[in-house]
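Participant: Before we start, here is the structure in question, set down as structure tokens.
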Amino acid sequence: MENEKTTSTSYQSAIGVAVVAAVFSVIIAILLGVTVYHVKVADPVRSKKLEELKEQAKANPTDAALAETILKLDTPLRRDQFARQYFLKRGTVLLVVTLGLLAAGLLWASSHKPIKPTPTPQGDVKAQQVKHAEQTRTAMSVGIVMLCAAGLFYAMQTPTIPTESTEGQTDPISSYTSIEDAQTQWSTFRGPGGLGICTFENIPDTWDGESGQNILWKTAIDLPGHNSPVVWNNRIFLTGATKEAQAIYCIDAETGNILWTGEVTVVPSPEREDMEVMEDTGYAAPTAVTDGKRVCAIFAGGDLGCFTIDGEKLWEKHLGVPDSMYGYSASLTWYENLVIVQWDVGYEGEDSKLIAFDWQTGEQVWQTARPVPNSWSSPTVTQVGDSCQILTAASPYVIAYDAKTGTEIYSAECIEGDIASSPIIADGKIFAIEPYNKLVAINATNAQGDITETNIAWAAEESMPDICSPVSDGTHVWTLTTQGDLGCFNVADGSLVYTQSLDATFQASPTLVGRTLYLLSEKGTMVIAQTGPEYKELKRSELGEKAFACPAFQDGRIYIRSHQNLIAIGAGK
């Protein structure tokens, strides 16, 4: 009698499992069917419409409303397509699981189906057995419902791509990376804080491009660009562009393989057609920026694109073609959840601004007007006293802003001309260069408002760079002219320590590596000299290819972009 009751209870529970699994299987199948319809029918129609609009835009480049319509359609379409492919994978797996539960429930029910009704005990025994059977069925049914509901919730979640944190955990892509983590990477132009200081170990000092000595790999980049590579763990990012195309490249640091290429839309317009850039600047002079979760880049035409590190396009912004004498070249920087653009354009100081966009969404977080004409200097985010500040330089001001809010903290009217060198900070002083004429040191600690001459620590009037940014070890500060004159100045008082002609021309800024200076010439010669009060050249290593961009560094590695290739250098090969 007891065995028959157990069989009946198992049969009813198995039927309950099968029913619940069948219901969820039908729901998932319907959702998958709807998704397949969108993938096969609806999305291709939207894609066709978008392509038709792009063709219309080519024929009507002055139609601003049409260009805006294209932008509004493009990003949502890409996101929908990615999300649907993502759901198809998860939903299919979940459907297989629920069908498996359905089959298991039916098989269990068939093997435990009661052969005939059996009398049930009376009184308390009967009540207890009925209650026990109901509790068993209820528990199993609730468990199955919760399992299927959790699976369905998992399948329908908006896809996020996890990235590895420094502790090996996974963080949602919507979170931001700390400045402390950024200090361990080469994520911006000239590395952490834009200071041109490499703190990594085992940096190679000997290589030869012709023989292949210590050349780990060489990867051709099909679109040209003078921007520098940026590195986060095992991924390298750089950009390339022509008048017709612009893209971000992601390259595997171990193999040199191009993992993906992200295209950033070129929006047709009369201004774009008339845009001219110098050959030395090109269409992809600004260096990209990464926070280890995303990468963002800006191009000469004012087009801004952001991707996940796995190549999913997150957003685009089109700031308009900049009014820039030599071609726009300010690199991006970042702070926490913000991508920061120094948009110095025009000649009257009325259109320039500093803009912060949200890393994940592309929404503008803040914008601050700048009273300066077009410049080619890049902003740097660095610690000044107790705060993180954005340091900028453009005629006639050096201006510092609060990195979180964009509020101006102080400004110093102290430089003139076509400013291309980026400011740095060392020993509590900001160093900025007036091209050809002088190096200015500003006391930055506790500075507020309009800085007077009393805040100018000193100004050294010597031959100065028109392109290269300075570098400092806190005791000395070095400058490097295009013509190859290396200047060394005392940080405390600005006195000239020495000048040295390097018999080469340079566009890449110097990098401080331990107690050595790495100076990359246009011909691809790396001049390595020791720091200190006297110039002492240690060696020269030849890349064998022309190079304009600043190198990027990582433990045991140097990454150099030549005119045609990205080249990895490391000891041991």
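Ligands are numbered from 1 in the order shown, chains are lettered A, B, ... in the order of the structure tokens, and residues start at 1 in each chain.
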Assign secondary structure with DSSP using the backbone only, and return the residues of region 164-283 of chain A in alpha helix (DSSP H) as a ChimeraX atom specification.

Facilitator: /A:179-182,270-274

Participant: For the residues selected in the previous step, produce a file with C-alpha atoms as a PDB file, in the first residue's frame.

Facilitator:
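Result file is selection.pdb:
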ATOM      1  CA  ILE A 179      42.944  56.125 -11.537  1.00  0.00           C
ATOM      2  CA  GLU A 180      45.033  53.764  -9.405  1.00  0.00           C
ATOM      3  CA  ASP A 181      44.440  50.932 -11.899  1.00  0.00           C
ATOM      4  CA  ALA A 182      45.276  53.271 -14.765  1.00  0.00           C
ATOM      5  CA  PRO A 270      30.530  70.460 -47.410  1.00  0.00           C
ATOM      6  CA  GLU A 271      32.923  71.259 -44.549  1.00  0.00           C
ATOM      7  CA  ARG A 272      34.274  67.714 -44.688  1.00  0.00           C
ATOM      8  CA  GLU A 273      34.766  67.944 -48.442  1.00  0.00           C
ATOM      9  CA  ASP A 274      36.684  71.210 -48.054  1.00  0.00           C
TER      10      ASP A 274
END

Participant: Got a sec: who's within 7 Å of region 276-292 of chain A, counting only C-alpha atoms, leaving out chain neighbours fewer than 2 positions off, as an NGL selection string?

Facilitator: :A and (177 or 187-189 or 225-228 or 230 or 232 or 238-243 or 274 or 294-300 or 326-327 or 329-333)

Participant: CA of Pro268 (chain A) to CA of Cys250 (chain A): how many Å, to one decimal?

Facilitator: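 If I compute the distance from CA of Pro268 (chain A) to CA of Cys250 (chain A), I get 25.9 Å.
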
Participant: Could you please write out, as an MDAnalysis selection string, every residue of region 308-547 of chain A that DSSP assigns to strand (DSSP E or B)?

Facilitator: chainID A and resid 308 313:318 333:335 338:343 353:358 364:369 380:384 387:394 397:402 408:413 424:426 429:434 438:443 449:451 456:461 471:472 476:480 485:490 496:501 511:513 516:520 525:530 536:542

Participant: Write out as a PyMOL selection string each polymer residue whose atoms come within 7 Å of region 199-213 of chain A, counting only C-alpha atoms; drop sequence neighbours fewer than 6 positions from it.

Facilitator: chain A and resi 513-514+541-544+554-557+570-571+573

Participant: Using only C-alpha atoms, determine which residues lie at most 9 Å from Ile433 (chain A), disregarding the query and same-chain residues fewer than 4 positions distant; provide the list as an MDAnalysis selection string.

Facilitator: chainID A and resid 393 415 419:423 437:440 464:466 469:470 479

Participant: What's the 8 Å shell around Val381 (chain A), counting only C-alpha atoms, without same-chain residues fewer than 6 positions away, as a compact mmCIF listing (two decimals) with N, CA, C and O atoms, in the first residue's frame?

Facilitator:
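See part_20.txt below for the written result:
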# COMPACT_ATOMS: atom_id res chain seq x y z
N GLY A 193 49.01 59.88 -16.60
CA GLY A 193 49.07 61.32 -16.35
C GLY A 193 49.61 62.12 -17.52
O GLY A 193 49.79 63.33 -17.39
N GLY A 194 49.86 61.46 -18.67
CA GLY A 194 50.44 62.17 -19.81
C GLY A 194 51.82 62.71 -19.54
O GLY A 194 52.26 63.67 -20.19
N THR A 333 41.77 62.19 -23.25
CA THR A 333 42.17 61.67 -21.95
C THR A 333 40.90 61.23 -21.23
O THR A 333 39.80 61.32 -21.79
N TRP A 334 41.02 60.73 -19.99
CA TRP A 334 39.84 60.24 -19.29
C TRP A 334 40.02 60.35 -17.78
O TRP A 334 41.13 60.44 -17.27
N TYR A 335 38.86 60.34 -17.12
CA TYR A 335 38.84 60.35 -15.65
C TYR A 335 37.58 59.62 -15.19
O TYR A 335 36.47 60.00 -15.55
N CYS A 388 42.27 65.76 -8.49
CA CYS A 388 42.62 65.39 -9.85
C CYS A 388 42.23 66.54 -10.76
O CYS A 388 41.08 66.99 -10.76
N GLN A 389 43.18 67.02 -11.53
CA GLN A 389 42.94 68.18 -12.39
C GLN A 389 43.24 67.85 -13.85
O GLN A 389 44.06 66.98 -14.15
N ILE A 390 42.54 68.56 -14.72
CA ILE A 390 42.82 68.48 -16.15
C ILE A 390 43.68 69.68 -16.51
O ILE A 390 43.26 70.83 -16.35
N LEU A 391 44.89 69.43 -16.97
CA LEU A 391 45.81 70.50 -17.33
C LEU A 391 45.76 70.72 -18.84
O LEU A 391 45.81 69.77 -19.61
N ALA A 403 38.58 67.69 -12.61
CA ALA A 403 38.37 66.56 -13.52
C ALA A 403 36.94 66.01 -13.44
O ALA A 403 36.44 65.46 -14.42

Participant: With distances taken over only C-alpha atoms, which of A:Ser411, A:Gln185, A:Ser463, A:Gln364 is nearest to Gln483 (chain A)?

Facilitator: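 Of the candidates, the smallest distance to Gln483 (chain A) is held by A:Ser463.
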
Participant: Work out how far apart CA of Phe237 (chain A) and CA of Ile251 (chain A) are and give it in Å to one decimal.

Facilitator: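 Interatomic distance here is 6.4 Å.
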
Participant: Quick one: residues within 9 Å of Ala356 (chain A), only C-alpha atoms, excluding same-chain residues fewer than 2 positions away - as a VMD selection string?

Facilitator: chain A and resid 334 338 to 341 354 358 363 to 368 405 to 406

Participant: Nearest to Ser387 (chain A): which of A:Leu216, A:Ala444, A:Ala426, A:Ile309 is it, counting only C-alpha atoms?

Facilitator: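 Checking each of A:Leu216, A:Ala444, A:Ala426, A:Ile309 against Ser387 (chain A), counting only C-alpha atoms, the winner is A:Ala444.
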
Participant: Taking 2 positions as the minimum chain separation for residues in the same chain, which residues sit within 10 Å of Ile528 (chain A) when counting only C-alpha atoms? Answer as a list in words.

Facilitator: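 Result of the neighbour search: Asp205, Thr206, Thr511, Leu512, Val513, Thr516, Leu517, Tyr518, Leu519, Leu520, Thr525, Met526, Gln530, Thr531, Lys536, Glu537, Leu538, Lys539, Arg540 and Ser541 of chain A.
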